Each structure stands twice: as structure tokens, then as C-alpha cells.
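Trainee: Structure incoming, see below.
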Amino acid sequence: MKYMKLGSKPDVFQTEGNGIRFVTTELATDIVITVGDVKFYLHKFPLLSKSSRLQTLVASTSEESNDEVDISDIPGGPAAFEICAKFCYGMVVTLNAYNVVAARCAAEYLEMFETVDKGNLVYKIDVFLSASIFRTWKDSIIVLQSTKPLQRWTENLKVVNHCVDAIATRASMDPSEVDWSYTYNRRKLPSENGGDAHSWNGVRKQQTVPRDWWVEDLCDLEVCLYKKVILAIKAKGRTGSDVVGEALRAYACRRLFGSLNHAVSNGLDCSKHRAALEAVADLLPAEKGSVSCGLLLKLLRASCLLESGEAYRGELVKRIGAQLDRASVSDLLMPAESGDDAMYNVDMVTAILEEFLLQHKINGGEAKMQEDDDNMDVAADNVIASSKLAAVAKLVDGSLSEIAKDPRLSLEKFIALAESMPPLSRPVHDALYRAIDVYLKEHPGMSKGEKKRLCALMDCRKLTADASAHAVQNERLPLRVVVQVLFFEQVRQSVAACSVAVPARSLVLPRDDGASYGGSSRSATTTATEDEQWGGGAVGAPTTSASGGDASSLRSVSQLSTNKSGRSGGGDRKKAKGGAVAPAPARRVLGKLWSGKASSGENSGSDDTSESPAGFLNLEESKSTPSRIPSHSVS
């Protein structure tokens, strides 16, 4: 820290009690100066020789006042006046970053100018500020902080402007030119962590200064001063928007997020938190990606807790919608506003999703695609939009699994959030099924109709083998859904078996006469790879496409119910050929559906099984037209 010593005489100021200060000299004091609750017993000559204001005040005092002058309105109070008085006496005074601003304002108040005495206090302090303080990084920050109580004086004296410009200039410098100390607590350099900073031959390596080296030190500033500094840094145009975004993140963590929940829950004054939120929101760089989506969502969460204006919320929602694919599930779990019974603010998440779809021009369940083989940019944009859509859908499904644990979450809000994403965004429904299962578990009192509405969100054809195996044994699912899962799983297995039995290349071999072996056989491709085991995080597996009119597939399903009438109490579960185990209720329902259709052509079953998968309604037609896969010999 820089400092300046003035004067050479010893300090002979003494204190008597709490409110009296005097000078111990052989001469009796002849003037009393009152500053607030403190009285200074001093001598006229040294004071009046350097202060034009005291000259005027003493000249205007009457004889009855015994030369007592009241200057309680002096900036800096008794401490600042004492510095000026000691300077007048020629005593040793030490000025540093903590007291120089108050002394400068007090000297201005006392009119200690060069016109009164050569080398007066105002001149000396100005030289110290420009030559030392404003050229030192941390001293400039300390001085700027000290201007807050003296805002009117420091604004008029341009001290604030000089400090802000000095700080912004240093923050905008090339990091390779930074050779002063700074605070950096987030990702410390090897030497700061005790690591070896030397190369193999003993030559010390030159440390690389990070681009955001300055952000921690500025977090000590009050909101209004911090805003001025960031605006000055942005105005210089030499600092990247990502660095400014990191500075705002660090400031929000220090001034807003750390104590917000405690202040709100205990009913404390949140005016400082609200000011910090508004300042950070106003300073956000316009460049996309300069601020992480996680920070934007935290700011939005804070705005909901502080009940800030709709303008701030709307702007944050727009920014979040532009980069929602970079968020995480925990970021979307925003606490509900006061007065809401639910744990999470689902309506706000739905609004964010609507903004995301609007900005990416995704309407009516499909992305806006333009077919133009010559325009590679359009094709690339479509691929990027599809990848973002899939990422957001995965994010939504993960959020659904978390908010489904709230027993007070209404079915309408759960369905609204699930349906906010278009169908094409979910090639696999494993994560959605997991969320539905969690909701069923946490809401055991649901009616049959509510369960039907909930399960209608899921497409059984888009479940992987592991998810299907879990679903057919899930007692919380309606029986009709279990039947659908069994049906589509058997169709998939049958088509896969056909694909293995008849290689696709055998269908296009050339004949000797130049023609080819065509055939009208259908082909289907199935990929059975899964990213993870069921129940352990997000499961992602490709979908299977198959026709529902394959009679052999239907017969495979019917084999699950062949023992319905020949077994006495069975609990014995049969496995389908590659797979899922059918519960006894499901086998009975399948048996009724098969035997009833074969004998009378009518459907039978309870209310839960009155609607069956589309292949069960055409059993007779399927039986009368068996599938044929032509086989050809290759000569």
C-alpha cells in the first residue's frame, strides 16, 4: 500500500475525555473549533495561515463567542479535521488509501488552496493521488470504496471518476503486462497452491496471468460503484464479453446468492439483494453465450424470491430460452413463489420452454425445416436445432422425474410440462416413463381416469428393452398399458428374428438374366444398444420401427396366454422369446383377447383393457394372410 508522510514535528495532540482534543504547547490556546461532539482547543495563527474558510469564520465571530467556531458539517468528521489541523502545525501526518479521500474533502471544505499558502494540503493530496494511488491496483479499489460516505464531495472533486478510470484501465490491460498482486480464489496457479513452479533445469517458469484475474477484487465494491466500473470496462472495448460475464457471476455469488435464502426466509431487509440483482441483470453482455445458462436461471430464481419487476423476469426468460440446451436439471428446479402449495415453480419452467421453442422456430410439434440440397448452411442449422431440441427434451424429462417427487404437484401441471416438448424431441421414452413411474409412486390415490391421462404421455413403442421389462412388472401402471408394452415388445422381437433369418443382402442379389431378386418382403432394422442399465440415469436407445400387421408377431404375443385354462393356480410366469416376463393378470387378459377374437370376433375384458393395441383388432385378417418371406437360392 502506498502512503505519504507530511510534516516533521512530533505529534503533540492530546485527548481529555471523549470529546476534547488539545495541543500541548507553552502557548495558551486561543480558538475553539467544534466538530460534532468533539471540541478542538487550538491556536489561530497556524490554522488561519493555511485555511481561507477559517479566516472568514473567525472574522465573522463576535467577541461574546470567545472565538468558538462550529464546523460540524465538515466532510470526514473529527478525524479528517485533525489531519488538516496537524498539517497546519507541521506535525507528522501519514496519508494512505484509507484516509486520503476524507482528508482531501476536508481540505476542500477548509479551502486550503495554493492561493492561500504555497504547497498547501489540497495540492499535496492531489499529487499523491495521481502519482501513487491511481497507479496502484488495490489502492484504487480501496479509495473508491471510501468515497461512498462522501459521495457528494467526491463526485464534485472527480475523485470517483479518476478511480473508476484507473481501475478500468488496469482491468483492460493485456494479462501479460500485469505485474501487481491481485486476488484469485477460484482456480489458483500452481505456485499459489504450493506446486513446483520451476522447470527441470531449475529455471523458473513464467506464470500465465488469467484473463479474469481482476474479478475477485471488484466484488468488494458496493453495487453503485461496481456498476460504474463494469460500464467503464465495457466502454473501453478491450475485455471479452465472456470475462465480463465471469465477473458478473463472481459478484452475484458474493453479493446475492450467498445470503439471499437466509434473508428471505427470516424476513430480513432485501433491498441490497434487490439492488445487486438489478445491477447484474442490467450489466449482462448482449453476446450469446457470454453468461452461462446456469447463472441466468439462478438470477431468475432470485428474481422470483425477491418478487422483482416483470421487465427483469421477461428479459431473463428470453436470454435463458436462447441457450436452454446448456442448462442442467438442478438449474431448472426453481422454488415456488410464496403462496404456492407446490415445491417448484413449474409455470416458470413452462414459460422458459415456450420461449425456447419460439426462438428456435419450433411450432406444432415440428422444427421449421427447409429442404435445399444446395444450401449447406440451412442443413447445418437444422442439425443444430435438432440436437438442441433433443438436449432440452432430455433436460425436461430429468426435471419431470424430480418434480414428480412433490406430493402436492398437480397432474395438470405435470402433463403441461411434459407436453411442452414436441413429439420429435423424444426418440426414446425411457426417461419420460421413469418420470411417470415416480409420479405414480408419489401419488397413490390417483383414479383410473387420471392414470390413463398420465400414461397417455408415453409411447410404448419408444421404450427400450430394459424399460419394457420394467414396465410389464410395474404394478402401478394400468393393465392396458402393460398389454401395450407386451405387444410392441413382441412385435419388435419377431421383426428382429426375421431380420436375422433373412439377411437384407439376399433380397437384392442379381439374377443371371440381369434382373434382381426382389420380393415384396418387408425389412426392419432394430438397434438394441443402450447407454445405461434401466434405473441408473438417463437411458438412451434407438427406436424400432415395425408394422403392426405381422401375424407371426401376434401369435408370439398369444403364446403368453396358452396356459390360461390348463393350469390351476399358476403363478408360473413364462418368458417371451427374448425377453420380458408377463405378469399373470396380463396373461389372462391376453388370453381373453385372443380366444374371444378367435371364437366370436368380439372384444372382451374389463374397462382397463377395453382398448387394445392396434394389431389385436385384426387377428382374423392376420391369420388368414400369413406373412411370407421368400427364400431364393443363389446360383
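Residues are referred to by chain and number: the chain letter is A, B, ... according to the order shown in the C-alpha cells, the number counts from 1 in that chain, and ligands are numbered separately from 1 in the order shown.
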If you run DSSP on the backbone, which residues of range 226-456 of chain A are helix (DSSP H, G or I), as a PyMOL selection string?
Mentor: chain A and resi 226-236+241-265+271-283+293-306+310-322+324-326+329-332+346-359+376-403+411-419+423-425+430-442+448-455
Trainee: Using C-alpha atoms, can you export the residues from the last selection as a compact mmCIF listing (two decimals), in the first residue's frame?
Mentor:
```
# COMPACT_ATOMS: atom_id res chain seq x y z
CA TYR A 226 -19.33 -1.76 -9.15
CA LYS A 227 -21.80 -0.84 -11.86
CA LYS A 228 -19.73 2.23 -12.80
CA VAL A 229 -16.53 0.18 -13.05
CA ILE A 230 -18.06 -2.55 -15.23
CA LEU A 231 -19.61 0.05 -17.54
CA ALA A 232 -16.20 1.72 -17.87
CA ILE A 233 -14.54 -1.63 -18.64
CA LYS A 234 -17.13 -2.41 -21.31
CA ALA A 235 -16.76 1.08 -22.78
CA LYS A 236 -13.03 0.59 -23.33
CA SER A 241 -17.77 -10.50 -23.06
CA ASP A 242 -17.06 -13.89 -21.50
CA VAL A 243 -14.69 -12.27 -19.00
CA VAL A 244 -17.31 -9.66 -18.13
CA GLY A 245 -19.80 -12.48 -17.70
CA GLU A 246 -17.44 -14.27 -15.31
CA ALA A 247 -17.06 -11.04 -13.32
CA LEU A 248 -20.84 -10.73 -13.00
CA ARG A 249 -21.08 -14.37 -11.91
CA ALA A 250 -18.49 -13.86 -9.17
CA TYR A 251 -20.22 -10.69 -7.97
CA ALA A 252 -23.64 -12.35 -7.91
CA CYS A 253 -22.27 -15.26 -5.88
CA ARG A 254 -20.70 -12.88 -3.36
CA ARG A 255 -23.42 -10.26 -3.07
CA LEU A 256 -26.63 -12.08 -3.96
CA PHE A 257 -26.78 -15.87 -3.85
CA GLY A 258 -24.79 -16.41 -0.67
CA SER A 259 -27.26 -14.85 1.76
CA LEU A 260 -30.48 -14.49 -0.23
CA ASN A 261 -32.28 -17.59 1.05
CA HIS A 262 -31.46 -16.72 4.66
CA ALA A 263 -32.67 -13.14 4.25
CA VAL A 264 -35.94 -14.14 2.56
CA SER A 265 -36.76 -16.97 4.97
CA SER A 271 -33.02 -4.06 -0.55
CA LYS A 272 -29.29 -4.71 -1.06
CA HIS A 273 -30.01 -8.08 -2.66
CA ARG A 274 -32.57 -6.49 -4.96
CA ALA A 275 -30.10 -3.76 -5.96
CA ALA A 276 -27.42 -6.37 -6.71
CA LEU A 277 -29.85 -8.40 -8.81
CA GLU A 278 -30.94 -5.42 -10.87
CA ALA A 279 -27.34 -4.27 -11.38
CA VAL A 280 -26.16 -7.68 -12.59
CA ALA A 281 -29.19 -8.03 -14.86
CA ASP A 282 -28.54 -4.60 -16.39
CA LEU A 283 -24.85 -5.34 -16.95
CA CYS A 293 -27.38 -20.63 -18.60
CA GLY A 294 -26.95 -21.77 -15.00
CA LEU A 295 -26.23 -18.20 -13.88
CA LEU A 296 -29.23 -16.86 -15.79
CA LEU A 297 -31.51 -19.43 -14.16
CA LYS A 298 -30.13 -18.56 -10.72
CA LEU A 299 -30.82 -14.89 -11.41
CA LEU A 300 -34.35 -15.78 -12.48
CA ARG A 301 -34.81 -17.83 -9.32
CA ALA A 302 -33.59 -14.86 -7.26
CA SER A 303 -35.96 -12.50 -9.07
CA CYS A 304 -38.85 -14.79 -8.16
CA LEU A 305 -37.82 -14.85 -4.50
CA LEU A 306 -37.38 -11.07 -4.41
CA GLU A 310 -41.77 -8.31 -14.75
CA ALA A 311 -39.35 -6.48 -17.03
CA TYR A 312 -36.33 -8.17 -15.41
CA ARG A 313 -38.02 -11.57 -15.44
CA GLY A 314 -39.02 -11.25 -19.08
CA GLU A 315 -35.51 -10.31 -20.18
CA LEU A 316 -34.01 -13.19 -18.23
CA VAL A 317 -36.51 -15.66 -19.71
CA LYS A 318 -35.54 -14.53 -23.23
CA ARG A 319 -31.84 -14.99 -22.52
CA ILE A 320 -32.43 -18.41 -20.97
CA GLY A 321 -34.54 -19.53 -23.91
CA ALA A 322 -31.70 -18.73 -26.29
CA LEU A 324 -31.57 -23.57 -22.62
CA ASP A 325 -29.81 -26.61 -24.10
CA ARG A 326 -26.77 -25.74 -21.95
CA VAL A 329 -31.64 -30.34 -14.27
CA SER A 330 -30.75 -28.71 -10.96
CA ASP A 331 -30.85 -25.28 -12.62
CA LEU A 332 -34.49 -25.77 -13.63
CA VAL A 346 -43.45 -25.30 -12.82
CA ASP A 347 -45.20 -22.39 -14.56
CA MET A 348 -41.91 -20.50 -14.93
CA VAL A 349 -40.20 -23.56 -16.42
CA THR A 350 -43.07 -23.95 -18.89
CA ALA A 351 -42.70 -20.28 -19.89
CA ILE A 352 -38.97 -20.82 -20.49
CA LEU A 353 -39.68 -23.81 -22.71
CA GLU A 354 -42.20 -21.81 -24.72
CA GLU A 355 -39.58 -19.11 -25.22
CA PHE A 356 -37.03 -21.72 -26.33
CA LEU A 357 -39.41 -23.19 -28.91
CA LEU A 358 -40.36 -19.71 -30.12
CA GLN A 359 -36.77 -18.57 -30.60
CA MET A 376 -25.45 -26.41 -46.73
CA ASP A 377 -25.87 -23.68 -44.12
CA VAL A 378 -29.59 -24.42 -43.83
CA ALA A 379 -28.89 -28.14 -43.44
CA ALA A 380 -26.32 -27.46 -40.75
CA ASP A 381 -28.73 -25.17 -38.91
CA ASN A 382 -31.37 -27.89 -38.98
CA VAL A 383 -28.97 -30.41 -37.48
CA ILE A 384 -28.03 -27.98 -34.72
CA ALA A 385 -31.69 -27.22 -34.00
CA SER A 386 -32.47 -30.94 -33.75
CA SER A 387 -29.59 -31.57 -31.37
CA LYS A 388 -30.65 -28.66 -29.17
CA LEU A 389 -34.22 -29.92 -29.17
CA ALA A 390 -33.13 -33.38 -28.05
CA ALA A 391 -30.93 -31.91 -25.32
CA VAL A 392 -33.78 -29.79 -23.95
CA ALA A 393 -36.17 -32.75 -24.07
CA LYS A 394 -33.71 -34.78 -22.01
CA LEU A 395 -33.46 -31.85 -19.62
CA VAL A 396 -37.25 -31.64 -19.29
CA ASP A 397 -37.61 -35.37 -18.64
CA GLY A 398 -34.96 -35.17 -15.93
CA SER A 399 -36.80 -32.26 -14.35
CA LEU A 400 -40.08 -34.19 -14.52
CA SER A 401 -38.50 -37.02 -12.54
CA GLU A 402 -37.51 -34.56 -9.82
CA ILE A 403 -40.69 -32.52 -9.56
CA LEU A 411 -51.48 -33.67 -12.52
CA GLU A 412 -52.37 -30.78 -14.84
CA LYS A 413 -49.00 -29.05 -14.30
CA PHE A 414 -47.09 -32.28 -14.74
CA ILE A 415 -48.86 -33.03 -18.01
CA ALA A 416 -48.47 -29.43 -19.23
CA LEU A 417 -44.72 -29.54 -18.66
CA ALA A 418 -44.38 -32.95 -20.32
CA GLU A 419 -46.41 -31.87 -23.35
CA PRO A 423 -43.04 -35.42 -30.11
CA LEU A 424 -39.99 -35.42 -32.37
CA SER A 425 -37.79 -34.32 -29.49
CA ASP A 430 -37.41 -44.25 -21.14
CA ALA A 431 -36.80 -41.03 -19.19
CA LEU A 432 -40.43 -39.99 -19.60
CA TYR A 433 -41.56 -43.41 -18.36
CA ARG A 434 -39.31 -43.02 -15.34
CA ALA A 435 -40.90 -39.66 -14.52
CA ILE A 436 -44.40 -41.15 -14.89
CA ASP A 437 -43.46 -44.03 -12.61
CA VAL A 438 -42.16 -41.62 -9.95
CA TYR A 439 -45.37 -39.60 -10.14
CA LEU A 440 -47.50 -42.75 -9.75
CA LYS A 441 -45.43 -43.80 -6.76
CA GLU A 442 -45.73 -40.42 -5.01
CA LYS A 448 -58.20 -44.77 -13.17
CA GLY A 449 -59.00 -41.82 -15.39
CA GLU A 450 -56.08 -39.80 -14.04
CA LYS A 451 -53.71 -42.72 -14.53
CA LYS A 452 -54.95 -43.08 -18.10
CA ARG A 453 -54.28 -39.37 -18.81
CA LEU A 454 -50.84 -39.64 -17.26
CA CYS A 455 -49.78 -42.76 -19.13
```
Trainee: Need to verify the contact set: range 154-156 of chain A, 9 Å, only C-alpha atoms, exclusion of same-chain residues closer than 5 positions in sequence. Can you return it as a ChimeraX atom specification?
Mentor: /A:101,104-105,147-148,161
Trainee: Let me see the file: selected residues, C-alpha atoms, as a PDB file, in the first residue's frame.
Mentor:
```pdb
ATOM      1  CA  VAL A 101     -10.249  10.807   0.449  1.00  0.00           C
ATOM      2  CA  ARG A 104      -8.984  15.686   0.555  1.00  0.00           C
ATOM      3  CA  CYS A 105     -12.645  16.541   1.083  1.00  0.00           C
ATOM      4  CA  THR A 147     -15.822   7.556  -1.432  1.00  0.00           C
ATOM      5  CA  LYS A 148     -19.244   6.076  -0.611  1.00  0.00           C
ATOM      6  CA  ASN A 161     -14.277   9.301 -11.935  1.00  0.00           C
TER       7      ASN A 161
END
```
Trainee: What is the distance, in Å and to one decimal place, between CA of Met91 in chain A and CA of Val12 in chain A?
Mentor: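 One can read the CA of Met91 in chain A to CA of Val12 in chain A distance as 8.1 Å.
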Trainee: In terms of the shortest atom-to-atom distance over only C-alpha atoms, which of A:His43, A:Arg408, A:Lys288, A:Lys2 is closest to Lys138 in chain A?
Mentor: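 Of A:His43, A:Arg408, A:Lys288, A:Lys2, the one nearest Lys138 in chain A is A:Lys2, counting only C-alpha atoms.
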Trainee: With only C-alpha atoms as the basis for distance, which of A:Asp37, A:Asp212, A:Asp117, A:Asp11 is at the shortest distance from Asp73 in chain A?
Mentor: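 Counting only C-alpha atoms, the residue closest to Asp73 in chain A is A:Asp37.
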Trainee: Name the residues of range 264-476 of chain A that come out as strand (DSSP E) in a backbone DSSP run; write them as an MDAnalysis selection string.
Mentor: chainID A and resid 362:363 366:367
Trainee: As an exercise, work out the distance from CA of Pro10 in chain A to CA of Ala102 in chain A in Å and give it to one decimal place.
Mentor: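 Distance reported for this atom pair: 22.3 Å.
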Trainee: Report, in Å with one decimal, the straight-line distance from CA of Leu409 in chain A to CA of Met446 in chain A.
Mentor: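 Distance between the two atoms: 12.4 Å.
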Trainee: Of the candidates A:Asp406, A:Asp126, A:Glu489, A:Glu216, which one gets nearest to Met4 in chain A if we count only C-alpha atoms?
Mentor: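 Closest candidate: A:Asp126.
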